[in-house]
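What follows is a single structure, written as structure tokens, with notes after it.
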Amino acid sequence: MRSRRAALIALTIASLAVGAWAQFAPASFHTSFPFGRAWVSTDGPFNEHLIRDVGGLNLALGALTGVAALRMHADLVRLAAVVTLVFSVPHLAYHALHLEPYAALDAVGMMLSLGLGVVVPAWLAWSPAPRRRAAASAVTGPARAGGKGGR
């Protein structure tokens, strides 16, 4: 369970960091994302509306994965993972088909980071959820089953 929570926390941090930067500093995001490498500006002209939309969508995705990390309910974890894949798979596919303008180091970094954005949620979506320990106690479990106890 700890590794699943850690994976969700990593997805949350990544989405919130990208989302906040794009939403609140779109020009900087365009020219400097990630870490001054200019991956966004290399791919096209500045469009504030589009960048802020991407920011808002990443913030929403971060909110969903964050709640899943807090609650760790199997259905919510799986939903967050699938929703992340709905975004991440086409994003990876687009960039995999458009690597020409990037230096080799940037292309490799991009594919590794975007690949992790697919592998991690895929693992969360398709790996079996850990079983929860039964919370039966000697007092409440058998007593309720037999119709007795505090009623």
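If you're wondering about the labels, chains in the structure tokens are A, B, ... by order shown, residues count from 1 in each chain, ligands from 1 in order shown.
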Any idea what's packed within 12 Å of Ala63 in chain A, counting only C-alpha atoms, ignoring anything in its chain fewer than 2 positions away? Could you give it as a PyMOL selection string? chain A and resi 8-9+11-17+19-20+56-61+65-70+80+83-84
Could you go through range 12-87 of chain A and tell me which residues DSSP, when run on the backbone, assigns to helix (DSSP H, G or I), listing them as JSON, numbers by chain? {"A": [12, 13, 14, 15, 16, 17, 18, 19, 20, 21, 22, 23, 24, 26, 27, 28, 29, 30, 31, 32, 39, 40, 41, 42, 48, 49, 50, 51, 52, 53, 54, 55, 56, 57, 58, 59, 60, 61, 62, 63, 64, 65, 66, 67, 68, 69, 70, 71, 74, 75, 76, 77, 78, 79, 80, 81, 82, 83, 84, 85, 86, 87]}
Quick one: which range 17-93 of chain A residues come within 12 Å of range 110-117 of chain A, and what is the nearest atom pair for each with the distance in Å to one decimal, counting only C-alpha atoms, rows ordered by chain and ascending number, as CSV?
residue,atom,partner,partner_atom,distance
A:Phe33,CA,A:Met110,CA,11.1
A:Pro34,CA,A:Met110,CA,9.5
A:Arg37,CA,A:Met110,CA,10.4
A:Ala38,CA,A:Met110,CA,11.4
A:Trp39,CA,A:Met110,CA,8.4
A:Val40,CA,A:Met110,CA,11.1
A:Ala81,CA,A:Gly117,CA,10.0
A:Val82,CA,A:Gly117,CA,11.5
A:Val83,CA,A:Gly117,CA,11.6
A:Thr84,CA,A:Gly117,CA,7.9
A:Leu85,CA,A:Gly117,CA,7.8
A:Val86,CA,A:Gly117,CA,10.8
A:Phe87,CA,A:Gly117,CA,9.3
A:Ser88,CA,A:Gly117,CA,6.0
A:Val89,CA,A:Gly117,CA,8.2
A:Pro90,CA,A:Leu114,CA,10.2
A:His91,CA,A:Leu114,CA,7.6
A:Leu92,CA,A:Leu114,CA,5.6
A:Ala93,CA,A:Leu114,CA,9.3
The selected residues should be written to file as a tab-separated table (two decimals), in the first residue's frame (atoms: N, CA and C atoms).
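And here's result06.tsv as it stands now:
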chain	number	residue	atom	x	y	z
A	33	PHE	N	9.81	25.72	-19.48
A	33	PHE	CA	9.48	24.37	-19.01
A	33	PHE	C	10.25	23.33	-19.79
A	34	PRO	N	10.79	22.31	-19.11
A	34	PRO	CA	11.03	22.16	-17.68
A	34	PRO	C	12.43	22.62	-17.32
A	37	ARG	N	14.62	24.24	-19.98
A	37	ARG	CA	14.93	23.49	-21.21
A	37	ARG	C	14.09	23.93	-22.42
A	38	ALA	N	13.04	24.68	-22.23
A	38	ALA	CA	12.22	25.24	-23.32
A	38	ALA	C	11.56	24.18	-24.20
A	39	TRP	N	11.04	23.13	-23.60
A	39	TRP	CA	10.37	22.10	-24.39
A	39	TRP	C	9.08	22.61	-25.03
A	40	VAL	N	8.38	23.52	-24.37
A	40	VAL	CA	7.10	24.00	-24.90
A	40	VAL	C	7.33	24.99	-26.04
A	81	ALA	N	-5.96	6.65	-11.64
A	81	ALA	CA	-4.96	6.09	-12.55
A	81	ALA	C	-5.47	6.09	-13.99
A	82	VAL	N	-6.71	5.68	-14.20
A	82	VAL	CA	-7.26	5.64	-15.57
A	82	VAL	C	-7.40	7.05	-16.14
A	83	VAL	N	-7.86	7.99	-15.33
A	83	VAL	CA	-7.98	9.38	-15.80
A	83	VAL	C	-6.60	9.93	-16.16
A	84	THR	N	-5.60	9.61	-15.36
A	84	THR	CA	-4.23	10.04	-15.68
A	84	THR	C	-3.79	9.43	-17.00
A	85	LEU	N	-4.11	8.18	-17.24
A	85	LEU	CA	-3.75	7.54	-18.52
A	85	LEU	C	-4.47	8.18	-19.70
A	86	VAL	N	-5.71	8.59	-19.51
A	86	VAL	CA	-6.46	9.24	-20.59
A	86	VAL	C	-5.71	10.49	-21.08
A	87	PHE	N	-5.06	11.18	-20.15
A	87	PHE	CA	-4.24	12.34	-20.52
A	87	PHE	C	-2.85	11.92	-21.00
A	88	SER	N	-2.21	11.02	-20.27
A	88	SER	CA	-0.79	10.74	-20.48
A	88	SER	C	-0.46	9.94	-21.73
A	89	VAL	N	-1.31	9.00	-22.12
A	89	VAL	CA	-1.01	8.17	-23.29
A	89	VAL	C	-0.99	9.02	-24.57
A	90	PRO	N	-2.02	9.82	-24.86
A	90	PRO	CA	-1.92	10.65	-26.06
A	90	PRO	C	-0.81	11.69	-25.98
A	91	HIS	N	-0.53	12.20	-24.79
A	91	HIS	CA	0.54	13.17	-24.61
A	91	HIS	C	1.89	12.54	-24.98
A	92	LEU	N	2.13	11.34	-24.46
A	92	LEU	CA	3.36	10.61	-24.81
A	92	LEU	C	3.40	10.31	-26.30
A	93	ALA	N	2.31	9.86	-26.87
A	93	ALA	CA	2.27	9.52	-28.31
A	93	ALA	C	2.59	10.74	-29.16
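Of the residues under consideration (A:Phe29, A:Val77, A:Leu64, A:Ala7), A:Val77 shows the shortest atom-to-atom contact distance to Ala129 in chain A when counting only C-alpha atoms.
Take the candidates A:Val118, A:Asp75, A:Ala27, A:Asp53 and check each one against Ser41 in chain A using only C-alpha atoms; the shortest distance goes to A:Ala27.
Atom pair CA of Arg5 in chain A / CA of His73 in chain A: separated by 10.6 Å.
From CA of Ser3 in chain A back to CA of Ser127 in chain A, the distance works out to 11.7 Å.
Our summary of the geometry notes that CA of Pro26 in chain A is positioned 9.2 Å from CA of Leu50 in chain A.
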